[in-house]
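For reference, the structure is listed below as C-alpha cells.
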Amino acid sequence: MRDRVGIVYGLVDPRYGIIRYDGQTVMSPESRFNGHLHEMATARAPNYKTNWMRKLRTLGLQAQP
C-alpha cells in the first residue's frame, strides 16, 4: 500500500487577502478546489463556507486557492 501525503490548504478571500477557510486533502489541491466549487453550486444545506463562497459569487469574485 502506498503512503498518501496530506496537504493543508487555505481558501483566500480576494477582498481582504486573508484565509477564510482551511482544510486538508490527499487529492490534488486543484481537484479539491473544484470540489469546493461544486459543493457551493449544489449544497442543499449551506454552511459557513458555501455561504461565503456564494456571497463572493454575487460580487463577481471567487475564493482563491
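Simple scheme: letters A, B, ... for chains in C-alpha cells order, numbers from 1 for residues in each chain, numbers from 1 for ligands in the order shown.
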
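Shell of Tyr16 in chain A at 12 Å, with only C-alpha atoms counted and residues fewer than 3 places along the chain excluded, is Leu11, Val12, Asp13, Ile19, Arg20, Leu56, Leu61, Ala63 and Gln64 of chain A.
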
Any chance you could export the current selection's N, CA, C and O atoms as a PDB file, in the first residue's frame?
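Full text of part.pdb as output:
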ATOM      1  N   LEU A  11      -8.390  28.684   1.600  1.00  0.00           N
ATOM      2  CA  LEU A  11      -9.120  29.460   0.601  1.00  0.00           C
ATOM      3  C   LEU A  11      -9.080  30.915   1.051  1.00  0.00           C
ATOM      4  O   LEU A  11      -9.452  31.240   2.180  1.00  0.00           O
ATOM      5  N   VAL A  12      -8.622  31.778   0.159  1.00  0.00           N
ATOM      6  CA  VAL A  12      -8.368  33.177   0.491  1.00  0.00           C
ATOM      7  C   VAL A  12      -9.499  34.053  -0.027  1.00  0.00           C
ATOM      8  O   VAL A  12      -9.957  33.896  -1.167  1.00  0.00           O
ATOM      9  N   ASP A  13      -9.937  34.978   0.814  1.00  0.00           N
ATOM     10  CA  ASP A  13     -10.934  35.963   0.404  1.00  0.00           C
ATOM     11  C   ASP A  13     -10.219  37.019  -0.432  1.00  0.00           C
ATOM     12  O   ASP A  13      -9.313  37.696   0.069  1.00  0.00           O
ATOM     13  N   ILE A  19      -7.022  34.235   4.709  1.00  0.00           N
ATOM     14  CA  ILE A  19      -7.575  32.887   4.620  1.00  0.00           C
ATOM     15  C   ILE A  19      -8.877  32.854   5.404  1.00  0.00           C
ATOM     16  O   ILE A  19      -8.897  33.187   6.587  1.00  0.00           O
ATOM     17  N   ARG A  20      -9.962  32.461   4.728  1.00  0.00           N
ATOM     18  CA  ARG A  20     -11.266  32.357   5.374  1.00  0.00           C
ATOM     19  C   ARG A  20     -11.660  30.910   5.647  1.00  0.00           C
ATOM     20  O   ARG A  20     -12.593  30.648   6.383  1.00  0.00           O
ATOM     21  N   LEU A  56     -19.370  35.728  -2.392  1.00  0.00           N
ATOM     22  CA  LEU A  56     -18.334  36.197  -3.317  1.00  0.00           C
ATOM     23  C   LEU A  56     -18.835  36.145  -4.757  1.00  0.00           C
ATOM     24  O   LEU A  56     -18.599  37.077  -5.531  1.00  0.00           O
ATOM     25  N   LEU A  61     -16.795  37.732  -7.650  1.00  0.00           N
ATOM     26  CA  LEU A  61     -15.476  37.280  -7.175  1.00  0.00           C
ATOM     27  C   LEU A  61     -15.493  35.785  -6.928  1.00  0.00           C
ATOM     28  O   LEU A  61     -16.541  35.148  -6.956  1.00  0.00           O
ATOM     29  N   ALA A  63     -13.265  32.717  -4.391  1.00  0.00           N
ATOM     30  CA  ALA A  63     -12.201  32.392  -3.444  1.00  0.00           C
ATOM     31  C   ALA A  63     -10.964  31.943  -4.211  1.00  0.00           C
ATOM     32  O   ALA A  63     -11.068  31.330  -5.275  1.00  0.00           O
ATOM     33  N   GLN A  64      -9.812  32.254  -3.664  1.00  0.00           N
ATOM     34  CA  GLN A  64      -8.548  31.889  -4.304  1.00  0.00           C
ATOM     35  C   GLN A  64      -7.885  30.767  -3.511  1.00  0.00           C
ATOM     36  O   GLN A  64      -7.775  30.868  -2.294  1.00  0.00           O
TER      37      GLN A  64
END

If you run DSSP on the backbone, which residues of chain A are strand (DSSP E), as a PyMOL selection string?
chain A and resi 7-13+18-25

Write the residues of the preceding selection, restricted to N, CA, C and O atoms, as a PDB file, in the first residue's frame.
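Dumped to part36.pdb:
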ATOM      1  N   ILE A   7      -2.244  17.238   2.368  1.00  0.00           N
ATOM      2  CA  ILE A   7      -1.854  18.601   2.034  1.00  0.00           C
ATOM      3  C   ILE A   7      -2.803  19.543   2.766  1.00  0.00           C
ATOM      4  O   ILE A   7      -4.013  19.390   2.676  1.00  0.00           O
ATOM      5  N   VAL A   8      -2.258  20.495   3.487  1.00  0.00           N
ATOM      6  CA  VAL A   8      -3.060  21.517   4.143  1.00  0.00           C
ATOM      7  C   VAL A   8      -3.157  22.694   3.178  1.00  0.00           C
ATOM      8  O   VAL A   8      -2.165  23.104   2.571  1.00  0.00           O
ATOM      9  N   TYR A   9      -4.356  23.245   3.031  1.00  0.00           N
ATOM     10  CA  TYR A   9      -4.567  24.342   2.088  1.00  0.00           C
ATOM     11  C   TYR A   9      -5.501  25.367   2.709  1.00  0.00           C
ATOM     12  O   TYR A   9      -6.159  25.116   3.718  1.00  0.00           O
ATOM     13  N   GLY A  10      -5.563  26.520   2.110  1.00  0.00           N
ATOM     14  CA  GLY A  10      -6.474  27.562   2.555  1.00  0.00           C
ATOM     15  C   GLY A  10      -7.173  28.190   1.367  1.00  0.00           C
ATOM     16  O   GLY A  10      -6.637  28.221   0.268  1.00  0.00           O
ATOM     17  N   LEU A  11      -8.390  28.684   1.600  1.00  0.00           N
ATOM     18  CA  LEU A  11      -9.120  29.460   0.601  1.00  0.00           C
ATOM     19  C   LEU A  11      -9.080  30.915   1.051  1.00  0.00           C
ATOM     20  O   LEU A  11      -9.452  31.240   2.180  1.00  0.00           O
ATOM     21  N   VAL A  12      -8.622  31.778   0.159  1.00  0.00           N
ATOM     22  CA  VAL A  12      -8.368  33.177   0.491  1.00  0.00           C
ATOM     23  C   VAL A  12      -9.499  34.053  -0.027  1.00  0.00           C
ATOM     24  O   VAL A  12      -9.957  33.896  -1.167  1.00  0.00           O
ATOM     25  N   ASP A  13      -9.937  34.978   0.814  1.00  0.00           N
ATOM     26  CA  ASP A  13     -10.934  35.963   0.404  1.00  0.00           C
ATOM     27  C   ASP A  13     -10.219  37.019  -0.432  1.00  0.00           C
ATOM     28  O   ASP A  13      -9.313  37.696   0.069  1.00  0.00           O
ATOM     29  N   ILE A  18      -7.062  37.439   3.076  1.00  0.00           N
ATOM     30  CA  ILE A  18      -6.905  36.598   4.262  1.00  0.00           C
ATOM     31  C   ILE A  18      -7.542  35.234   4.030  1.00  0.00           C
ATOM     32  O   ILE A  18      -8.472  35.098   3.239  1.00  0.00           O
ATOM     33  N   ILE A  19      -7.022  34.235   4.709  1.00  0.00           N
ATOM     34  CA  ILE A  19      -7.575  32.887   4.620  1.00  0.00           C
ATOM     35  C   ILE A  19      -8.877  32.854   5.404  1.00  0.00           C
ATOM     36  O   ILE A  19      -8.897  33.187   6.587  1.00  0.00           O
ATOM     37  N   ARG A  20      -9.962  32.461   4.728  1.00  0.00           N
ATOM     38  CA  ARG A  20     -11.266  32.357   5.374  1.00  0.00           C
ATOM     39  C   ARG A  20     -11.660  30.910   5.647  1.00  0.00           C
ATOM     40  O   ARG A  20     -12.593  30.648   6.383  1.00  0.00           O
ATOM     41  N   TYR A  21     -10.974  29.966   4.992  1.00  0.00           N
ATOM     42  CA  TYR A  21     -11.274  28.551   5.195  1.00  0.00           C
ATOM     43  C   TYR A  21      -9.983  27.776   5.026  1.00  0.00           C
ATOM     44  O   TYR A  21      -9.218  28.041   4.099  1.00  0.00           O
ATOM     45  N   ASP A  22      -9.733  26.834   5.926  1.00  0.00           N
ATOM     46  CA  ASP A  22      -8.573  25.958   5.741  1.00  0.00           C
ATOM     47  C   ASP A  22      -9.040  24.512   5.825  1.00  0.00           C
ATOM     48  O   ASP A  22     -10.063  24.205   6.430  1.00  0.00           O
ATOM     49  N   GLY A  23      -8.304  23.674   5.128  1.00  0.00           N
ATOM     50  CA  GLY A  23      -8.669  22.270   5.074  1.00  0.00           C
ATOM     51  C   GLY A  23      -7.459  21.403   4.806  1.00  0.00           C
ATOM     52  O   GLY A  23      -6.337  21.893   4.680  1.00  0.00           O
ATOM     53  N   GLN A  24      -7.718  20.118   4.699  1.00  0.00           N
ATOM     54  CA  GLN A  24      -6.676  19.140   4.428  1.00  0.00           C
ATOM     55  C   GLN A  24      -7.218  18.153   3.403  1.00  0.00           C
ATOM     56  O   GLN A  24      -8.386  17.779   3.451  1.00  0.00           O
ATOM     57  N   THR A  25      -6.367  17.717   2.492  1.00  0.00           N
ATOM     58  CA  THR A  25      -6.792  16.789   1.459  1.00  0.00           C
ATOM     59  C   THR A  25      -5.653  15.837   1.106  1.00  0.00           C
ATOM     60  O   THR A  25      -4.491  16.141   1.356  1.00  0.00           O
TER      61      THR A  25
END

Pick out the closest residue to Arg57 in chain A from this set: A:Ser28, A:Ala41, A:Val5, A:Gly35. Count only C-alpha atoms.
A:Ala41

Closest of A:Arg54, A:Arg15, A:Met27, A:Pro65 to Glu39 in chain A, counting only C-alpha atoms, is A:Arg54

Residue set, chain A restricted to alpha helix (DSSP H), as a PyMOL selection string:
chain A and resi 29-42+48-58

Next, the residues of the selection above should be written as a PDB file, in the first residue's frame with C-alpha atoms.
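What follows is the written file out-v1.pdb:
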ATOM      1  CA  PRO A  29      -5.253  20.892  -4.415  1.00  0.00           C
ATOM      2  CA  GLU A  30      -6.774  21.748  -7.800  1.00  0.00           C
ATOM      3  CA  SER A  31      -9.178  18.809  -7.595  1.00  0.00           C
ATOM      4  CA  ARG A  32     -10.204  19.716  -4.063  1.00  0.00           C
ATOM      5  CA  PHE A  33     -10.785  23.360  -5.058  1.00  0.00           C
ATOM      6  CA  ASN A  34     -13.012  22.200  -7.904  1.00  0.00           C
ATOM      7  CA  GLY A  35     -14.854  20.072  -5.350  1.00  0.00           C
ATOM      8  CA  HIS A  36     -15.485  23.176  -3.241  1.00  0.00           C
ATOM      9  CA  LEU A  37     -16.885  24.976  -6.288  1.00  0.00           C
ATOM     10  CA  HIS A  38     -19.181  22.028  -6.998  1.00  0.00           C
ATOM     11  CA  GLU A  39     -20.321  21.914  -3.358  1.00  0.00           C
ATOM     12  CA  MET A  40     -21.094  25.636  -3.497  1.00  0.00           C
ATOM     13  CA  ALA A  41     -23.306  25.138  -6.531  1.00  0.00           C
ATOM     14  CA  THR A  42     -25.145  22.059  -5.261  1.00  0.00           C
ATOM     15  CA  TYR A  48     -20.300  28.840   6.543  1.00  0.00           C
ATOM     16  CA  LYS A  49     -18.000  28.023   3.608  1.00  0.00           C
ATOM     17  CA  THR A  50     -20.694  27.678   0.952  1.00  0.00           C
ATOM     18  CA  ASN A  51     -22.483  30.837   2.154  1.00  0.00           C
ATOM     19  CA  TRP A  52     -19.208  32.765   1.979  1.00  0.00           C
ATOM     20  CA  MET A  53     -18.373  31.416  -1.495  1.00  0.00           C
ATOM     21  CA  ARG A  54     -21.893  32.209  -2.759  1.00  0.00           C
ATOM     22  CA  LYS A  55     -21.592  35.767  -1.416  1.00  0.00           C
ATOM     23  CA  LEU A  56     -18.334  36.197  -3.317  1.00  0.00           C
ATOM     24  CA  ARG A  57     -20.028  34.929  -6.472  1.00  0.00           C
ATOM     25  CA  THR A  58     -22.782  37.579  -6.141  1.00  0.00           C
TER      26      THR A  58
END
